[in-house]
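What follows is a single structure, written as structure tokens, with notes after it.
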Amino acid sequence: MPPKKKPVSNALLERILKNLYVPVVCDILDGLGVRDHTLRHDIRPLFPEARFVGRAATALAMDVYEDPEKPYDRLMAAIDNLTPGACLVGATNGSMRGGLWGELLSTAVGGGGATGVVLDGATRDTLAIIEMKFPVFARGIVSADSKGRVEVVDIDCPIDCGGVLVRPGDVVFGDHDGVVVIPQALTAETVRRAEEKVSGENTVRRALVGGMSVRAAFRKYGIL
């Protein structure tokens with residue numbers, strides 16, 4: 001059995017949230033040869049200011065057509081397993097039959113230090129979630145409950161969420177431009193390069209404000 005990977009540190013997560021934004025991280029991952037990193041375009045934050053970064057705790061859900069014997073059982077297990085600095089990433093294969101997430105769950109995980117939630121399916125209780133400013137990113141809003149419609153069947157497993165393979169412990173970063181997944185093993189290098197690129201972009205911005213043409217700025221700095 002291969003050795004267990006060391007979790008990404010909270011200090012590194014704080015640098016991402018403080019210094020970076022999703023598009024610059026996407027650019028760096030492209031340069032590192034990781035091209036499938038951005039969740040599908042219609043997975044959106046419930047409010048424009050929503051931002052989060054966290055270590056992925058994954059949940060896999062599927063459509064069901066009758067009430068399960070133990071409703072919400074695996075979903076509650078996923079929530080109970082969340083640790084400070086984690087974010088819950090739920091894959092439903094895009095199902096919009098019921099809202100897998102809501103206000104009470106947001107209240108529960110936010111108090112425990114979880115940083116956000118990403119779903120390729122639906123959420124509900126949205127005005128209450130917006131009022132508490134808890135970052136939830138979802139494909140849409142559905143008022144119906146998930147019980148008897150969408151049930152979590154496995155947790156802490158690799159999932160496909162919004163077209164991206166997410167493994168437990170990967171770093172998930174979301175802002176108004178979308179959600180990007182950073183492979184756990186590449187996080188430190190990605191952050192270092194992204195911080196360098198942000199510094200370079202600031203230099204280019206000053207040059208453009210000063211009247212330099214886009215072509216001249218790209219020729220000089222190699223950043224666009």
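Note on naming: chains are A, B, ... as they come in the structure tokens, residues start from 1 per chain, ligands start from 1 in the order shown.
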
Would you list the contacts of A:Leu165 as a ChimeraX atom specification, taking every protein, DNA or RNA residue within 10 Å and counting only C-alpha atoms, but skipping same-chain residues closer than 2 positions in sequence? /A:36-39,158-163,167,170,181,183

If you run DSSP on the backbone, which residues of stretch 9-174 of chain A are strand (DSSP E or B), as a VMD selection string? chain A and resid 38 44 to 45 52 to 63 86 to 91 99 to 101 116 to 119 122 to 123 136 to 138 140 to 141 145 150 to 155 159 to 161 164 to 166 171 to 174

For stretch 25-50 of chain A against stretch 137-150 of chain A, with a cut-off of 9 Å and counting only C-alpha atoms, what is the closest atom pair and its distance in Å to one decimal for every residue that makes the cut, ordered by chain and number, as a tab-separated table?
```
residue	atom	partner	partner_atom	distance
A:Arg40	CA	A:Arg139	CA	8.8
A:His41	CA	A:Arg139	CA	8.7
A:Asp42	CA	A:Arg139	CA	5.5
A:Ile43	CA	A:Arg139	CA	4.2
A:Arg44	CA	A:Phe137	CA	5.1
A:Pro45	CA	A:Phe137	CA	4.2
A:Leu46	CA	A:Phe137	CA	6.2
A:Phe47	CA	A:Phe137	CA	8.9
A:Ala50	CA	A:Phe137	CA	8.4
```

Just checking: using only C-alpha atoms, which residue out of A:Thr123, A:Thr92, A:Thr115, A:Asn81 ends up closest to A:Glu14?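 For A:Glu14, the nearest of the given residues is A:Thr115.
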
So that I can see what lies close to stretch 8-10 of chain A, please list as an NGL selection string the residues with an atom at most 9 Å from it, counting only C-alpha atoms and leaving out residues fewer than 2 positions away in the same chain. :A and (5-6 or 12-15 or 54-55 or 84-85 or 169-171 or 184-185 or 187-188)

Just the residues within 12 Å of A:Tyr72, please, counting only C-alpha atoms, with nothing from its chain fewer than 5 positions along; format it as a list of chain:residue names.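 Contacts, with the query itself left out: A:Ala59, A:Ala61, A:Asp67, A:Ala77, A:Ala78, A:Ile79, A:Asp80, A:Leu100, A:Trp101, A:Leu105, A:Asp145, A:Ser146, A:Lys147, A:Gly148, A:Arg149, A:Val150, A:Glu151, A:Val152, A:Val153, A:Asp154.
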
Selection to disk with N, CA and C atoms, as a CSV table (one decimal), in the first residue's frame:
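Generated file (part-v3.csv):
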```
chain,number,residue,atom,x,y,z
A,59,ALA,N,-18.6,13.1,-1.6
A,59,ALA,CA,-19.8,12.3,-1.4
A,59,ALA,C,-20.4,12.0,-2.8
A,61,ALA,N,-23.6,10.6,-4.9
A,61,ALA,CA,-25.1,10.4,-4.7
A,61,ALA,C,-25.7,9.8,-6.0
A,67,ASP,N,-38.3,6.1,-0.6
A,67,ASP,CA,-37.6,6.5,0.6
A,67,ASP,C,-36.7,5.4,1.0
A,77,ALA,N,-23.1,10.9,7.6
A,77,ALA,CA,-21.8,10.4,7.8
A,77,ALA,C,-20.7,11.4,7.2
A,78,ALA,N,-21.0,11.8,6.0
A,78,ALA,CA,-20.1,12.7,5.3
A,78,ALA,C,-19.9,14.0,6.1
A,79,ILE,N,-21.0,14.5,6.6
A,79,ILE,CA,-21.0,15.8,7.4
A,79,ILE,C,-20.3,15.5,8.7
A,80,ASP,N,-20.5,14.4,9.4
A,80,ASP,CA,-19.9,14.1,10.7
A,80,ASP,C,-18.4,14.0,10.5
A,100,LEU,N,-30.1,18.5,-2.5
A,100,LEU,CA,-29.3,17.7,-1.6
A,100,LEU,C,-28.8,18.5,-0.4
A,101,TRP,N,-28.8,19.8,-0.6
A,101,TRP,CA,-28.3,20.7,0.5
A,101,TRP,C,-29.3,21.7,0.9
A,105,LEU,N,-28.1,22.1,7.1
A,105,LEU,CA,-26.8,21.5,6.9
A,105,LEU,C,-25.7,22.5,6.8
A,145,ASP,N,-37.3,18.2,-1.5
A,145,ASP,CA,-36.2,17.6,-0.7
A,145,ASP,C,-35.6,16.4,-1.4
A,146,SER,N,-34.4,16.0,-1.0
A,146,SER,CA,-33.7,14.9,-1.7
A,146,SER,C,-34.2,13.6,-1.3
A,147,LYS,N,-34.9,13.5,-0.1
A,147,LYS,CA,-35.3,12.2,0.4
A,147,LYS,C,-36.2,11.5,-0.6
A,148,GLY,N,-35.9,10.2,-0.9
A,148,GLY,CA,-36.6,9.5,-1.9
A,148,GLY,C,-36.4,9.9,-3.4
A,149,ARG,N,-35.4,10.8,-3.6
A,149,ARG,CA,-35.1,11.3,-4.9
A,149,ARG,C,-33.6,11.2,-5.2
A,150,VAL,N,-32.8,11.7,-4.3
A,150,VAL,CA,-31.3,11.7,-4.5
A,150,VAL,C,-30.7,11.3,-3.2
A,151,GLU,N,-29.9,10.2,-3.2
A,151,GLU,CA,-29.4,9.6,-1.9
A,151,GLU,C,-27.9,9.5,-2.1
A,152,VAL,N,-27.1,9.9,-1.0
A,152,VAL,CA,-25.7,9.7,-1.0
A,152,VAL,C,-25.5,8.2,-0.7
A,153,VAL,N,-24.6,7.6,-1.6
A,153,VAL,CA,-24.4,6.1,-1.5
A,153,VAL,C,-22.9,5.8,-1.1
A,154,ASP,N,-22.0,6.8,-1.2
A,154,ASP,CA,-20.6,6.5,-0.8
A,154,ASP,C,-20.0,7.8,-0.4
```

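Residue nearest A:Asp177, chosen from A:Ile129, A:Val164, A:Val25, A:Met212 and counting only C-alpha atoms: A:Val25.
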
Every residue of stretch 7-206 of chain A that DSSP places in helix (DSSP H, G or I), as number ranges by chain: A: 10-19, 22-31, 73-80, 103-111, 126-132, 184-206

re atom CA of A:Ala86 and atom CA of A:Val198: distance 25.3 Å

Just want the 9 Å neighbourhood of A:Gly112, counted on only C-alpha atoms, with same-chain residues fewer than 5 positions away dropped. Output as a JSON list (two decimals) with all heavy atoms, in the first residue's frame.
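Okay, out-v7.json is ready:
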```
[["chain", "number", "residue", "atom", "x", "y", "z"],
["A", 82, "LEU", "N", -16.48, 15.74, 8.46],
["A", 82, "LEU", "CA", -15.81, 16.97, 8.04],
["A", 82, "LEU", "C", -14.95, 17.52, 9.17],
["A", 82, "LEU", "O", -15.33, 17.52, 10.33],
["A", 82, "LEU", "CB", -16.85, 18.02, 7.62],
["A", 82, "LEU", "CG", -17.60, 17.75, 6.33],
["A", 82, "LEU", "CD1", -18.68, 18.81, 6.11],
["A", 82, "LEU", "CD2", -16.65, 17.73, 5.13],
["A", 83, "THR", "N", -13.77, 18.01, 8.79],
["A", 83, "THR", "CA", -12.83, 18.60, 9.74],
["A", 83, "THR", "C", -12.59, 20.05, 9.35],
["A", 83, "THR", "O", -12.86, 20.45, 8.21],
["A", 83, "THR", "CB", -11.50, 17.83, 9.73],
["A", 83, "THR", "OG1", -10.96, 17.84, 8.39],
["A", 83, "THR", "CG2", -11.70, 16.39, 10.18],
["A", 84, "PRO", "N", -12.09, 20.88, 10.27],
["A", 84, "PRO", "CA", -11.78, 22.27, 9.91],
["A", 84, "PRO", "C", -10.85, 22.34, 8.70],
["A", 84, "PRO", "O", -9.87, 21.61, 8.61],
["A", 84, "PRO", "CB", -11.10, 22.81, 11.17],
["A", 84, "PRO", "CG", -11.68, 22.00, 12.29],
["A", 84, "PRO", "CD", -11.86, 20.61, 11.71],
["A", 107, "THR", "N", -25.76, 25.32, 8.36],
["A", 107, "THR", "CA", -25.55, 25.73, 9.75],
["A", 107, "THR", "C", -24.66, 24.73, 10.48],
["A", 107, "THR", "O", -23.73, 25.11, 11.21],
["A", 107, "THR", "CB", -26.89, 25.86, 10.48],
["A", 107, "THR", "OG1", -27.71, 26.80, 9.80],
["A", 107, "THR", "CG2", -26.70, 26.29, 11.92]]
```

9 Å contact set for A:Thr190, only C-alpha atoms, chain neighbours under 6 positions out, as a PyMOL selection string: chain A and resi 25+28-29+32+182

Atom CA of A:Pro48 and atom CA of A:Ala108 are how many Å apart? 22.4 Å

With only C-alpha atoms as the atoms that count, which of A:Val136, A:Leu127, A:Ile223, A:Cys87 lies nearest to A:Glu196? A:Ile223
